[in-house]
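See below for the structure under consideration.
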Amino acid sequence: MIVDQDTLVQKLESITGAAHVFAYPSLETSWQAKIRQAVTPQSALACMVSPNSQEDLAEVMACAHHQKWRMLLAGQGSKLGWGGLVKEPQVLISSQCLDRLIDHAVGDLTVTIEAGMPFAKLQAILAEERQFLPLDPTYCHRATLGGIIATADTGSLRQRFGGVRDLLLGISFNRADGQIAKAGGRVVKNVAGYDLMKLFTGAYGTLGFITQMTLRLYPLPENSQTLLVTGNISKITQAREILFRSVLTPTAADLLSPNLSALLGVEQTSGMVIRFQGLAASVQEQSRQWQSITQELKLSTTSYVDQEEVLLWKRLQEVRELQDPAVTCKIGVLPADGVEALAMLETIAKQHNLSVLKTMGILHAGSGLGVIRWQSSPEDNLCQALVEFRTYCQARQGFLSILEAPVELKQKIDVWGYSSNSLGLMRSIKNQFDPEKLLNPNRFVGDI
């Protein structure tokens, strides 16, 4: 449906005021670049609107629903290009102005904030009370809490604290028609209502617009130490198995592809990085026990503490956040197959003449979930490599989903590669929440 831009802008300005509406040509260059990576090439976005209150947001969405405008939903846009290309949206709605702290129950270890609050800002607030939210999402300095929940994005800390769903206690959201709804609450033991928090986590904004959330917090750890071990595939696999049969409780346990190990300045072989945090005595004892295990296996071990440890994890974060010319994928395999899968990643890159130096991956040793990165050209070779590695993962009860990639590549290959019998159920849920298919159309699995 063709929408007159002036009419659309005027209607939205009457709700939020002119200061919160931006016609597409006047948008910042950074936003224009993000939008181009997120939508189908034939799209003609009219404008972006950033409501200053949850009530204004509800009214904006009600207006868009009445006019049947397709909506592209975002926070600050750090993950706007993840997933499938949104089909011809007409208005981008951003929660970046909804960034208020609603309540911080220090004694209960919970916090309630608006969805547009940046993750880094929240962590700074919590640090004043020696608390933190145990997530380590991609683009942690720019990502908003709403975007993190919508994409279910977390990193190494899931080993100890679980994923986004495990930390979410309650949400408020706007339905496609703008109506405000709530689920969960503000306390840890809460069973009120349906568990919509889990449904909305990882739905990529296709069911509703999350506006507010309550999250579970933890005390900041007193002490920390990280151990990086490297060696051949069989020895690293054996070390992983011993770790999860032991009484050790690492905060993070990640498997590294050979090239990523080399990037960290150690031997270019399969690697595993283990982090222990907590009371100083516990950290020292667990680190000692782990080093004893790795010595028996004749694995090379490097210990990191204090600033060196901070720099190591910063480097791993930077690898996840490198953009052009990389293609980023989320993968999952059985945990026991993780070491072999990362070795296969480089083997397939070589077979398709892709640069091994630009091919790397990191997998959570306990869950088998992780992120891999490929060079983005030559494009035809990359498509073949992606299909082959996806087939490899699926043969091991896993998956490969493309997060970030050039628009041209996303038009050539199915981003999600998902064909399970649950697609019918997913489409039914989408139809219940958004029957007009106005919210991020085609971004999720099965063109939902």
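Lettering and numbering for the structure tokens are positional, with chains as A, B, ... in the shown order, residues counted from 1 in each chain, and ligands counted from 1 in the shown order.
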Query - Shell around Ile274 in chain A at 8 Å using only C-alpha atoms, local window under 2 positions removed, as an MDAnalysis selection string - result: chainID A and resid 226:228 250:254 272 276
Save the residues we just selected, C-alpha atoms, as a PDB file, in the first residue's frame?
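Output saved as out_37.pdb:
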```pdb
ATOM      1  CA  THR A 226      40.022 -16.749  33.544  1.00  0.00           C
ATOM      2  CA  LEU A 227      41.944 -19.730  32.178  1.00  0.00           C
ATOM      3  CA  LEU A 228      42.501 -20.254  28.443  1.00  0.00           C
ATOM      4  CA  PRO A 250      32.355 -21.668  36.036  1.00  0.00           C
ATOM      5  CA  THR A 251      30.663 -18.384  35.221  1.00  0.00           C
ATOM      6  CA  ALA A 252      31.646 -18.835  31.583  1.00  0.00           C
ATOM      7  CA  ALA A 253      32.829 -21.847  29.600  1.00  0.00           C
ATOM      8  CA  ASP A 254      33.332 -21.242  25.876  1.00  0.00           C
ATOM      9  CA  MET A 272      38.428 -23.369  25.623  1.00  0.00           C
ATOM     10  CA  PHE A 276      35.561 -18.546  37.692  1.00  0.00           C
TER      11      PHE A 276
END
```
Report task. Measuring atom to atom with only C-alpha atoms, identify which of A:Gln317, A:Leu220, A:Val371, A:Met213 is nearest to Leu279 in chain A. Result ->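 Of A:Gln317, A:Leu220, A:Val371, A:Met213, the one nearest Leu279 in chain A, counting only C-alpha atoms, is A:Leu220.
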Query raised in the report: Contacts of Glu241 in chain A at 10 Å or less, counting only C-alpha atoms, minus same-chain residues fewer than 4 places along, as JSON, numbers by chain?
Result: {"A": [235, 236, 237, 245, 246, 335, 336, 365, 366]}
Requested in this report: Extract the full set of strand (DSSP E or B) residues from range 192-426 of chain A according to DSSP on the backbone, and format it as a PyMOL selection string.
Outcome: chain A and resi 209-216+218-219+223-231+252-256+270-278+300-304+326-332+360-364+369-375+399-404
Include C-alpha atoms and write out the residues we just selected as a short mmCIF file (atom, residue, chain, number, x, y, z; two decimals), in the first residue's frame.
```cif
data_model
loop_
_atom_site.label_atom_id
_atom_site.label_comp_id
_atom_site.auth_asym_id
_atom_site.auth_seq_id
_atom_site.Cartn_x
_atom_site.Cartn_y
_atom_site.Cartn_z
CA PHE A 209 6.34 -3.90 21.09
CA ILE A 210 7.96 -4.47 24.50
CA THR A 211 7.88 -1.18 26.43
CA GLN A 212 8.88 -2.07 29.99
CA MET A 213 10.43 -5.03 31.81
CA THR A 214 11.38 -6.28 35.26
CA LEU A 215 14.62 -8.23 35.51
CA ARG A 216 16.37 -10.40 38.07
CA TYR A 218 22.82 -10.55 41.02
CA PRO A 219 25.56 -9.16 43.29
CA ASN A 223 36.95 -12.03 42.58
CA SER A 224 37.55 -13.34 39.07
CA GLN A 225 40.04 -15.44 37.12
CA THR A 226 40.02 -16.75 33.54
CA LEU A 227 41.94 -19.73 32.18
CA LEU A 228 42.50 -20.25 28.44
CA VAL A 229 43.47 -23.78 27.41
CA THR A 230 44.49 -24.96 23.94
CA GLY A 231 45.34 -28.31 22.39
CA ALA A 252 31.65 -18.84 31.58
CA ALA A 253 32.83 -21.85 29.60
CA ASP A 254 33.33 -21.24 25.88
CA LEU A 255 34.86 -23.27 23.07
CA LEU A 256 37.01 -21.36 20.57
CA SER A 270 41.15 -25.74 19.39
CA GLY A 271 40.66 -23.80 22.61
CA MET A 272 38.43 -23.37 25.62
CA VAL A 273 38.13 -20.35 27.90
CA ILE A 274 36.88 -20.87 31.45
CA ARG A 275 36.02 -18.12 33.95
CA PHE A 276 35.56 -18.55 37.69
CA GLN A 277 34.00 -15.77 39.78
CA GLY A 278 32.88 -15.37 43.36
CA SER A 300 48.55 -25.53 27.29
CA THR A 301 47.07 -23.20 29.92
CA THR A 302 47.25 -19.40 30.24
CA SER A 303 45.86 -17.62 33.31
CA TYR A 304 44.36 -14.13 33.25
CA ALA A 326 31.72 -10.13 7.97
CA VAL A 327 28.65 -12.34 7.96
CA THR A 328 27.49 -13.37 11.43
CA CYS A 329 25.48 -16.50 12.17
CA LYS A 330 24.01 -18.03 15.31
CA ILE A 331 24.46 -21.78 15.49
CA GLY A 332 23.54 -24.62 17.79
CA MET A 360 36.07 -17.85 13.49
CA GLY A 361 33.57 -19.04 16.03
CA ILE A 362 32.79 -19.26 19.73
CA LEU A 363 30.41 -21.80 21.29
CA HIS A 364 29.08 -22.08 24.83
CA LEU A 369 24.93 -22.38 21.22
CA GLY A 370 27.28 -19.85 19.72
CA VAL A 371 28.25 -17.37 17.05
CA ILE A 372 30.35 -17.84 13.92
CA ARG A 373 31.73 -15.26 11.50
CA TRP A 374 32.70 -15.57 7.84
CA GLN A 375 34.21 -13.16 5.36
CA PHE A 399 20.71 -25.23 13.41
CA LEU A 400 22.32 -22.26 11.69
CA SER A 401 20.56 -18.89 11.45
CA ILE A 402 21.98 -15.85 9.70
CA LEU A 403 21.98 -12.71 11.85
CA GLU A 404 23.96 -10.07 9.95
#
```
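Of the listed residues A:Ile448, A:Ala183, A:Ile148, A:Leu126, the one whose atoms come nearest to Leu217 in chain A is A:Leu126, with distances taken using only C-alpha atoms.
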Requested in this report: Have a look at CA of Ala38 in chain A and CA of Arg443 in chain A and let me know their distance in Å, one decimal.
Outcome: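 If I compute the distance from CA of Ala38 in chain A to CA of Arg443 in chain A, I get 8.7 Å.
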Query raised in the report: Which residue out of A:Thr29, A:Gln394, A:Thr144, A:Ser367 has the minimum interatomic distance to Gln159 in chain A when only C-alpha atoms are used?
Result: A:Ser367
Query - Non-local contacts of Ile102 in chain A (12 Å; only C-alpha atoms; under 2 positions in same chain excluded) as a PyMOL selection string - result: chain A and resi 98-100+104-105+110-115+117+122+186+211-215
**Report entry** Contacts of Trp290 in chain A at 9 Å (only C-alpha atoms; same-chain gap of 2+ positions) as JSON, numbers by chain
**Finding:** {"A": [227, 243, 248, 274, 285, 286, 287, 288, 292, 293, 294, 295]}
Just-selected residues, N, CA and C atoms written as an mmCIF file, in the first residue's frame:
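Final file, part-v5.cif:
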```cif
data_model
loop_
_atom_site.group_PDB
_atom_site.id
_atom_site.type_symbol
_atom_site.label_atom_id
_atom_site.label_comp_id
_atom_site.auth_asym_id
_atom_site.auth_seq_id
_atom_site.Cartn_x
_atom_site.Cartn_y
_atom_site.Cartn_z
ATOM 1 N N LEU A 227 40.913 -18.803 32.641
ATOM 2 C CA LEU A 227 41.944 -19.730 32.178
ATOM 3 C C LEU A 227 41.648 -20.111 30.735
ATOM 4 N N LEU A 243 34.931 -31.290 32.759
ATOM 5 C CA LEU A 243 34.429 -30.085 33.411
ATOM 6 C C LEU A 243 32.982 -30.257 33.847
ATOM 7 N N LEU A 248 32.909 -28.259 39.616
ATOM 8 C CA LEU A 248 33.296 -26.889 39.304
ATOM 9 C C LEU A 248 32.101 -26.109 38.764
ATOM 10 N N ILE A 274 37.676 -20.606 30.250
ATOM 11 C CA ILE A 274 36.883 -20.868 31.454
ATOM 12 C C ILE A 274 37.061 -19.708 32.424
ATOM 13 N N GLU A 285 40.575 -21.899 44.485
ATOM 14 C CA GLU A 285 40.513 -23.353 44.571
ATOM 15 C C GLU A 285 39.994 -23.964 43.273
ATOM 16 N N GLN A 286 38.952 -23.370 42.686
ATOM 17 C CA GLN A 286 38.426 -23.903 41.437
ATOM 18 C C GLN A 286 39.438 -23.753 40.305
ATOM 19 N N SER A 287 40.140 -22.653 40.278
ATOM 20 C CA SER A 287 41.173 -22.451 39.256
ATOM 21 C C SER A 287 42.286 -23.485 39.418
ATOM 22 N N ARG A 288 42.658 -23.768 40.670
ATOM 23 C CA ARG A 288 43.708 -24.762 40.927
ATOM 24 C C ARG A 288 43.265 -26.139 40.438
ATOM 25 N N SER A 292 44.882 -28.389 37.354
ATOM 26 C CA SER A 292 45.335 -29.754 37.582
ATOM 27 C C SER A 292 44.778 -30.694 36.517
ATOM 28 N N ILE A 293 43.506 -30.484 36.153
ATOM 29 C CA ILE A 293 42.875 -31.308 35.112
ATOM 30 C C ILE A 293 43.555 -31.085 33.764
ATOM 31 N N THR A 294 43.784 -29.836 33.405
ATOM 32 C CA THR A 294 44.385 -29.535 32.095
ATOM 33 C C THR A 294 45.834 -29.989 32.017
ATOM 34 N N GLN A 295 46.547 -29.955 33.125
ATOM 35 C CA GLN A 295 47.935 -30.440 33.132
ATOM 36 C C GLN A 295 47.989 -31.939 32.880
#
```
Query raised in the report: If you run DSSP on this backbone, which residues of range 213-262 of chain A come out as helix (DSSP H, G or I), and could you give them as a PyMOL selection string?
Result: chain A and resi 233-245+258-262
Restricted to N, CA and C atoms, what would the selected residues look like written as a PDB file, in the first residue's frame?
```pdb
ATOM      1  N   ILE A 233      41.915 -31.488  19.203  1.00  0.00           N
ATOM      2  CA  ILE A 233      40.465 -31.622  19.336  1.00  0.00           C
ATOM      3  C   ILE A 233      40.077 -32.640  20.404  1.00  0.00           C
ATOM      4  N   SER A 234      40.704 -33.796  20.385  1.00  0.00           N
ATOM      5  CA  SER A 234      40.311 -34.852  21.317  1.00  0.00           C
ATOM      6  C   SER A 234      40.568 -34.461  22.760  1.00  0.00           C
ATOM      7  N   LYS A 235      41.665 -33.752  23.022  1.00  0.00           N
ATOM      8  CA  LYS A 235      41.992 -33.349  24.391  1.00  0.00           C
ATOM      9  C   LYS A 235      41.046 -32.253  24.894  1.00  0.00           C
ATOM     10  N   ILE A 236      40.707 -31.298  24.021  1.00  0.00           N
ATOM     11  CA  ILE A 236      39.766 -30.249  24.422  1.00  0.00           C
ATOM     12  C   ILE A 236      38.379 -30.850  24.659  1.00  0.00           C
ATOM     13  N   THR A 237      37.986 -31.787  23.805  1.00  0.00           N
ATOM     14  CA  THR A 237      36.700 -32.462  23.989  1.00  0.00           C
ATOM     15  C   THR A 237      36.670 -33.209  25.319  1.00  0.00           C
ATOM     16  N   GLN A 238      37.768 -33.866  25.633  1.00  0.00           N
ATOM     17  CA  GLN A 238      37.863 -34.596  26.894  1.00  0.00           C
ATOM     18  C   GLN A 238      37.796 -33.642  28.083  1.00  0.00           C
ATOM     19  N   ALA A 239      38.474 -32.482  27.962  1.00  0.00           N
ATOM     20  CA  ALA A 239      38.450 -31.495  29.042  1.00  0.00           C
ATOM     21  C   ALA A 239      37.036 -30.968  29.270  1.00  0.00           C
ATOM     22  N   ARG A 240      36.305 -30.737  28.189  1.00  0.00           N
ATOM     23  CA  ARG A 240      34.923 -30.270  28.318  1.00  0.00           C
ATOM     24  C   ARG A 240      34.066 -31.290  29.053  1.00  0.00           C
ATOM     25  N   GLU A 241      34.228 -32.555  28.703  1.00  0.00           N
ATOM     26  CA  GLU A 241      33.450 -33.604  29.360  1.00  0.00           C
ATOM     27  C   GLU A 241      33.771 -33.689  30.846  1.00  0.00           C
ATOM     28  N   ILE A 242      35.053 -33.587  31.197  1.00  0.00           N
ATOM     29  CA  ILE A 242      35.466 -33.652  32.612  1.00  0.00           C
ATOM     30  C   ILE A 242      34.894 -32.466  33.381  1.00  0.00           C
ATOM     31  N   LEU A 243      34.931 -31.290  32.759  1.00  0.00           N
ATOM     32  CA  LEU A 243      34.429 -30.085  33.411  1.00  0.00           C
ATOM     33  C   LEU A 243      32.982 -30.257  33.847  1.00  0.00           C
ATOM     34  N   PHE A 244      32.131 -30.772  32.948  1.00  0.00           N
ATOM     35  CA  PHE A 244      30.709 -30.859  33.250  1.00  0.00           C
ATOM     36  C   PHE A 244      30.330 -32.099  34.063  1.00  0.00           C
ATOM     37  N   ARG A 245      31.301 -32.968  34.319  1.00  0.00           N
ATOM     38  CA  ARG A 245      31.083 -34.053  35.273  1.00  0.00           C
ATOM     39  C   ARG A 245      31.601 -33.685  36.662  1.00  0.00           C
ATOM     40  N   PRO A 258      40.048 -22.663  16.175  1.00  0.00           N
ATOM     41  CA  PRO A 258      41.502 -22.507  16.155  1.00  0.00           C
ATOM     42  C   PRO A 258      41.964 -21.097  15.799  1.00  0.00           C
ATOM     43  N   ASN A 259      41.306 -20.472  14.805  1.00  0.00           N
ATOM     44  CA  ASN A 259      41.751 -19.144  14.416  1.00  0.00           C
ATOM     45  C   ASN A 259      41.469 -18.108  15.491  1.00  0.00           C
ATOM     46  N   LEU A 260      40.395 -18.284  16.239  1.00  0.00           N
ATOM     47  CA  LEU A 260      40.097 -17.355  17.322  1.00  0.00           C
ATOM     48  C   LEU A 260      41.115 -17.504  18.441  1.00  0.00           C
ATOM     49  N   SER A 261      41.559 -18.720  18.721  1.00  0.00           N
ATOM     50  CA  SER A 261      42.619 -18.920  19.713  1.00  0.00           C
ATOM     51  C   SER A 261      43.866 -18.150  19.301  1.00  0.00           C
ATOM     52  N   ALA A 262      44.210 -18.239  18.032  1.00  0.00           N
ATOM     53  CA  ALA A 262      45.399 -17.539  17.538  1.00  0.00           C
ATOM     54  C   ALA A 262      45.240 -16.031  17.647  1.00  0.00           C
TER      55      ALA A 262
END
```
Requested in this report: Extract, using only C-alpha atoms, all DNA, RNA and protein residues at most 12 Å from Ser30 in chain A, discarding same-chain residues fewer than 4 positions from it, and format them as a PyMOL selection string.
Outcome: chain A and resi 26+34-37+76-78+80
Report task. Within 8 Å of Gly446 in chain A, counting only C-alpha atoms, which residues show up once you throw out same-chain ones fewer than 4 positions away? Write them as a PyMOL selection string, please. Result -> chain A and resi 416+418-419+423+442
**Report entry** Residue with smallest distance to Pro441 in chain A - pool A:Ser282, A:Ser422, A:Thr391, A:Thr40, counting only C-alpha atoms
**Finding:**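 Nearest to Pro441 in chain A: A:Thr40.
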Query raised in the report: Using only C-alpha atoms, which of the listed residues (A:Lys410, A:Lys68, A:Arg142, A:Arg130) sits closest to Gly116 in chain A?
Result: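 Distance minimum relative to Gly116 in chain A lands on A:Arg142.
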With only C-alpha atoms counted and 6 Å as the cut-off, give the residues of range 46-149 of chain A in contact with range 21-25 of chain A, each with its shortest interatomic distance in Å and the pair that gives it, as a Markdown table.
```
| residue | atom | partner | partner_atom | distance |
| --- | --- | --- | --- | --- |
| A:Ala46 | CA | A:Tyr24 | CA | 5.5 |
| A:Cys47 | CA | A:Ala23 | CA | 4.2 |
| A:Met48 | CA | A:Phe22 | CA | 5.1 |
| A:Val49 | CA | A:Val21 | CA | 4.5 |
```
Those residues with N, CA and C atoms, as a PDB file, in the first residue's frame please?
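Done, and the output landed in again-v7.pdb:
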```
ATOM      1  N   ALA A  46       8.593   5.848   5.103  1.00  0.00           N
ATOM      2  CA  ALA A  46       8.190   7.255   5.094  1.00  0.00           C
ATOM      3  C   ALA A  46       8.874   8.059   6.190  1.00  0.00           C
ATOM      4  N   CYS A  47       8.917   7.495   7.404  1.00  0.00           N
ATOM      5  CA  CYS A  47       9.482   8.274   8.496  1.00  0.00           C
ATOM      6  C   CYS A  47       9.810   7.388   9.679  1.00  0.00           C
ATOM      7  N   MET A  48      10.482   7.996  10.661  1.00  0.00           N
ATOM      8  CA  MET A  48      10.783   7.363  11.939  1.00  0.00           C
ATOM      9  C   MET A  48      10.157   8.199  13.043  1.00  0.00           C
ATOM     10  N   VAL A  49       9.591   7.512  14.053  1.00  0.00           N
ATOM     11  CA  VAL A  49       8.995   8.222  15.172  1.00  0.00           C
ATOM     12  C   VAL A  49       9.538   7.632  16.467  1.00  0.00           C
TER      13      VAL A  49
END
```
Report task. Select, from A:Glu222, A:Ala64, A:Ile125, A:Gly424, the residue with the minimum atom-to-atom distance to Asp306 in chain A, counting only C-alpha atoms. Result -> A:Glu222
